[in-house]
Structure formats: C-alpha cells, structure tokens
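> A single structure is presented below for examination.
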Amino acid sequence: MAERLIYLDHAATTPMRAEAVEAMRPFLTEVFANPSGSHRFARRARQAVDEARESIAATIGCDLGEIVFTSGGTESDNMAVRGSAESRAGRPVCTATEHHAVLHAVERLEGGVVRVGATGEVDLDHLESVLAEAPVSSVSVMAVNNETGVIADLAAVSRIVRRRAPGAVLHTDAVQAACWIDLRTIWPHVDTLALSAHKFGGPKGVGVLAIRAGSNLAPLILGGGQERDRRSGTHNVAGIVSTAAALALTDHERVAEVARVSAIREDLFARLADIEGLRRTVPSALSVPGVAHLCITGIESEALLYLLDEEGVCASSASACASGAMEPSHVLAAMGVSADLARGSLRLSFGHTTTSAEVAEAADVIGRAVERVREATRRLGSSRN
C-alpha cells in the first residue's frame, strides 16, 4: 500500500503529469535512435525533438531557433551567466536573492550584487548604481523567487538595463514562473530565460534556455555540436518530448489553476491566523499563488519540519539543496528578516495535485506541531531554572 502523504513541496519538485509520462514512453522503448544520426530511425527521433522545440517556443513566445535544451535550470542559469561573461566584456550582476545557480556563478566571476527590499522586490535605484560602476556582461533577475514566490517587475528592470547597460544580456531564471505566469508576457523583456521541466510536471534532468537571436553566448559544453554548437551532447529525446507535453498542459490549464490554487492558499492562511507570532513573508498581490511563505517567532524550522514529516506533511524551510541540510536563508537575510525570525521559516508550495482538503488537514497539523515545539521549549526552559 502506498504511503499517504500531503505533499506541499511543489517548489522543490512536482509529480510528473500522466500525459508527460505517456509522451516519453515510446522514446524509451521504441524510437530509441540517436537524433544526430542520418538514417530514417534517427530522423524519426530528430523530428520528435523538432516538434517539441516548436511547442516549447510557442509557449514562451520565442522563435523555435531560440530554444536550447539543457540538463535543467542550473545548467541553463550557468550557461546564461558564464556564457555571456566569456563572450563579452564586463562583469555579471544579479540580485541578492537569486537561486544559487545564478548567485554562485556571479560570485565566482566576481560580479556585482543588487539589493532587494523588505518583500524581496528589486531595489531599482541600487540596480542603476551598480550598473553605473563598471561594464556589465549580464544582469540576472528571477521572474519568481523560489523561496518566497515574490514576482519581479521585469519590465522595470528591463528599462533600466537597456538604458544603463545596453550591451548586457538580461537573464531571468523563470523556473518557478511557468506554472503561474504566462511566459509570453516575460519573454519580451529579457534576452535569456531558463526553465526546468520537473517544476511543471515534466521529468528531472531536462531544462530549457531560450536565447534571443543575437545574444551570443559562449557554450559551456563542447563536443558534437548539437543545438547549433550552443550545447553539445546527445539529446535526451524522451525527456525533451515529455517536457513539451508537460509545459503545453501547464500553459493550457494555467488560468484555472491560478484561480484554484489562490483560493487554497488564502484558505490556508486563514486557518493559520490564530498561531501566535506567525508572520506572512510576502503579500498575496506580490507573489505567485503556488507559494505560501511564513515565519513563526520562537520556532525552529528543523523541529517543526520534523513534526510535520512525522504526520505525513511534506514541506520545507527554503530551497532544496544537495545535502538536504538546514542552512540560513540568504533570501530572507537579503530581505532584512532577522535571524531569530528566519529560523522559524516555513515554505508550503502547491501544484496541480494539491487539494483543498489536504491543505485544511495540513493547517491542523501545523497548528498542533507549533504547540508541541513551544511546549517542549517551555519544558526545557523550566528544567534549566
């Protein structure tokens, strides 16, 4: 019997959609040829890649020749930051709340970091001053933050970048955006856009980088010259086809899902309203509906998550990392959240499988878990006196 879980960690990864699983199946068992070959079997595989490329390009609003397939969001982000640094003069710049795939790449290249405000919005005045300091190769601003769900004003960012650093590549990590924002509204403002399939019901290990024509990037991976020499390596045909199916379905259902999940999130916050010391990190109007981020005073996230896990509720305190270890959130620190409050952070994230009944049950579990943590803290305090 399958273990019953309430899965509220969709920002870390989503369950694959049934349609995406079915789409990839023939290319695992039947059409397994290498699409770089010249025989008819290879041409069938190559046609599937081409059709997937066309579908994904339509969903983003770009030309199909602007799509490059990668191994995921991390590679796509690195390709945008490091590839632009190798192909043009200047240093990379990013916001202080970027995913580490961008932030670490910028730090490695001794780039600049832009401040954010109390709700995670880009400090546009600081962006202008950073761009004026030295030549810039790229500017990276997340479309949607992976921890808090805050939405960036990419139109405003684009206006500043085009004026202050017209030769820079404007990159956006849109990994958390695909489920909640029409990508066609983002693409006109940027030069490169990164996606990761497993964030919208596709398979792990497949990503996309849309590269606007003329925004030349030096390749990270050299070899067979696939993807017009922009990313070498044998195509993951099954994964690419599955990604296109998942993204098309996500795009088709987005309007209805935004309305449904928005109601679920607001119901959750209403049910948690009586928890003393609970602070909502970002107002609803500034964030996507798929993320409910909060901090609770006097609570340690590690203890809270342990108790939630005991009762079958899957959640997190920040973004997923390789070790699974609890680390201080650089995002909350950049927003000016105190270390004491940040220690009680909780991210609950929703997706296409989340139900209102699950969220109602999770709210009850969270309330009980907070009380258990506080009671244990009181007992510990009493024993020390």
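Numbering starts fresh at 1 for the residues of each chain in the structure tokens, the chains themselves are lettered A, B, ... in the order given, and ligands are numbered from 1 as they appear.
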Contacts of Ala339 (chain A) at 12 Å or less, counting only C-alpha atoms, minus same-chain residues fewer than 2 places along, as a list of chain:residue names?

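Final neighbour list, sorted by chain and number: A:Cys295, A:Ile296, A:Thr297, A:Gly298, A:Ile299, A:Glu300, A:Glu327, A:Pro328, A:Ser329, A:His330, A:Val331, A:Leu332, A:Ala333, A:Ala334, A:Met335, A:Gly336, A:Val337, A:Leu341, A:Ala342, A:Arg343, A:Gly344, A:Ser345.
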
> Next, the residues of the selection above should be written as a PDB file, in the first residue's frame with C-alpha atoms.


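The resulting file, part26.pdb, is reproduced below:
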ATOM      1  CA  CYS A 295       7.905  32.795   9.621  1.00  0.00           C
ATOM      2  CA  ILE A 296       6.892  31.948  13.193  1.00  0.00           C
ATOM      3  CA  THR A 297       8.591  33.592  16.143  1.00  0.00           C
ATOM      4  CA  GLY A 298      10.091  31.324  18.777  1.00  0.00           C
ATOM      5  CA  ILE A 299      10.056  28.292  16.471  1.00  0.00           C
ATOM      6  CA  GLU A 300      12.965  26.375  14.983  1.00  0.00           C
ATOM      7  CA  GLU A 327      21.046  26.333   6.091  1.00  0.00           C
ATOM      8  CA  PRO A 328      20.371  30.011   6.840  1.00  0.00           C
ATOM      9  CA  SER A 329      18.285  31.565   4.085  1.00  0.00           C
ATOM     10  CA  HIS A 330      20.257  34.105   2.055  1.00  0.00           C
ATOM     11  CA  VAL A 331      16.920  35.245   0.624  1.00  0.00           C
ATOM     12  CA  LEU A 332      15.423  36.186   3.997  1.00  0.00           C
ATOM     13  CA  ALA A 333      18.700  37.768   5.091  1.00  0.00           C
ATOM     14  CA  ALA A 334      18.713  39.947   1.962  1.00  0.00           C
ATOM     15  CA  MET A 335      15.121  40.991   2.725  1.00  0.00           C
ATOM     16  CA  GLY A 336      16.175  42.161   6.173  1.00  0.00           C
ATOM     17  CA  VAL A 337      14.372  39.425   8.103  1.00  0.00           C
ATOM     18  CA  LEU A 341      12.562  35.147  12.856  1.00  0.00           C
ATOM     19  CA  ALA A 342      14.185  33.496   9.838  1.00  0.00           C
ATOM     20  CA  ARG A 343      14.943  30.425  11.966  1.00  0.00           C
ATOM     21  CA  GLY A 344      11.198  29.826  12.069  1.00  0.00           C
ATOM     22  CA  SER A 345      10.622  29.998   8.315  1.00  0.00           C
TER      23      SER A 345
END

> From the DSSP assignment of the backbone, select every residue of region 281-331 of chain A that is helix (DSSP H, G or I), and format the answer as an NGL selection string.

:A and (284-286 or 301-310 or 330-331)

> Now that the selection is made, can you save its residues with C-alpha atoms as a JSON list (two decimals), in the first residue's frame?


[["chain", "number", "residue", "atom", "x", "y", "z"],
["A", 284, "SER", "CA", -0.56, 37.82, -1.95],
["A", 285, "ALA", "CA", -0.57, 40.64, -4.50],
["A", 286, "LEU", "CA", 3.22, 40.41, -4.85],
["A", 301, "SER", "CA", 12.19, 25.24, 11.45],
["A", 302, "GLU", "CA", 14.11, 22.00, 11.86],
["A", 303, "ALA", "CA", 11.96, 20.89, 14.81],
["A", 304, "LEU", "CA", 8.76, 21.97, 13.08],
["A", 305, "LEU", "CA", 9.58, 20.18, 9.84],
["A", 306, "TYR", "CA", 10.43, 17.02, 11.78],
["A", 307, "LEU", "CA", 6.99, 17.01, 13.41],
["A", 308, "LEU", "CA", 5.25, 17.74, 10.12],
["A", 309, "ASP", "CA", 7.12, 14.89, 8.49],
["A", 310, "GLU", "CA", 6.04, 12.57, 11.31],
["A", 330, "HIS", "CA", 20.26, 34.11, 2.06],
["A", 331, "VAL", "CA", 16.92, 35.24, 0.62]]

> For CA of Arg184 (chain A) and CA of Ala57 (chain A), determine how far apart the two atoms are, in Å to one decimal place.

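These atoms are spaced 9.6 Å apart.
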
> Out of A:Val241, A:Gly214, A:Leu131, A:Pro166, which residue has the shortest atom-to-atom distance to Val31 (chain A) when counting only C-alpha atoms?

A:Val241
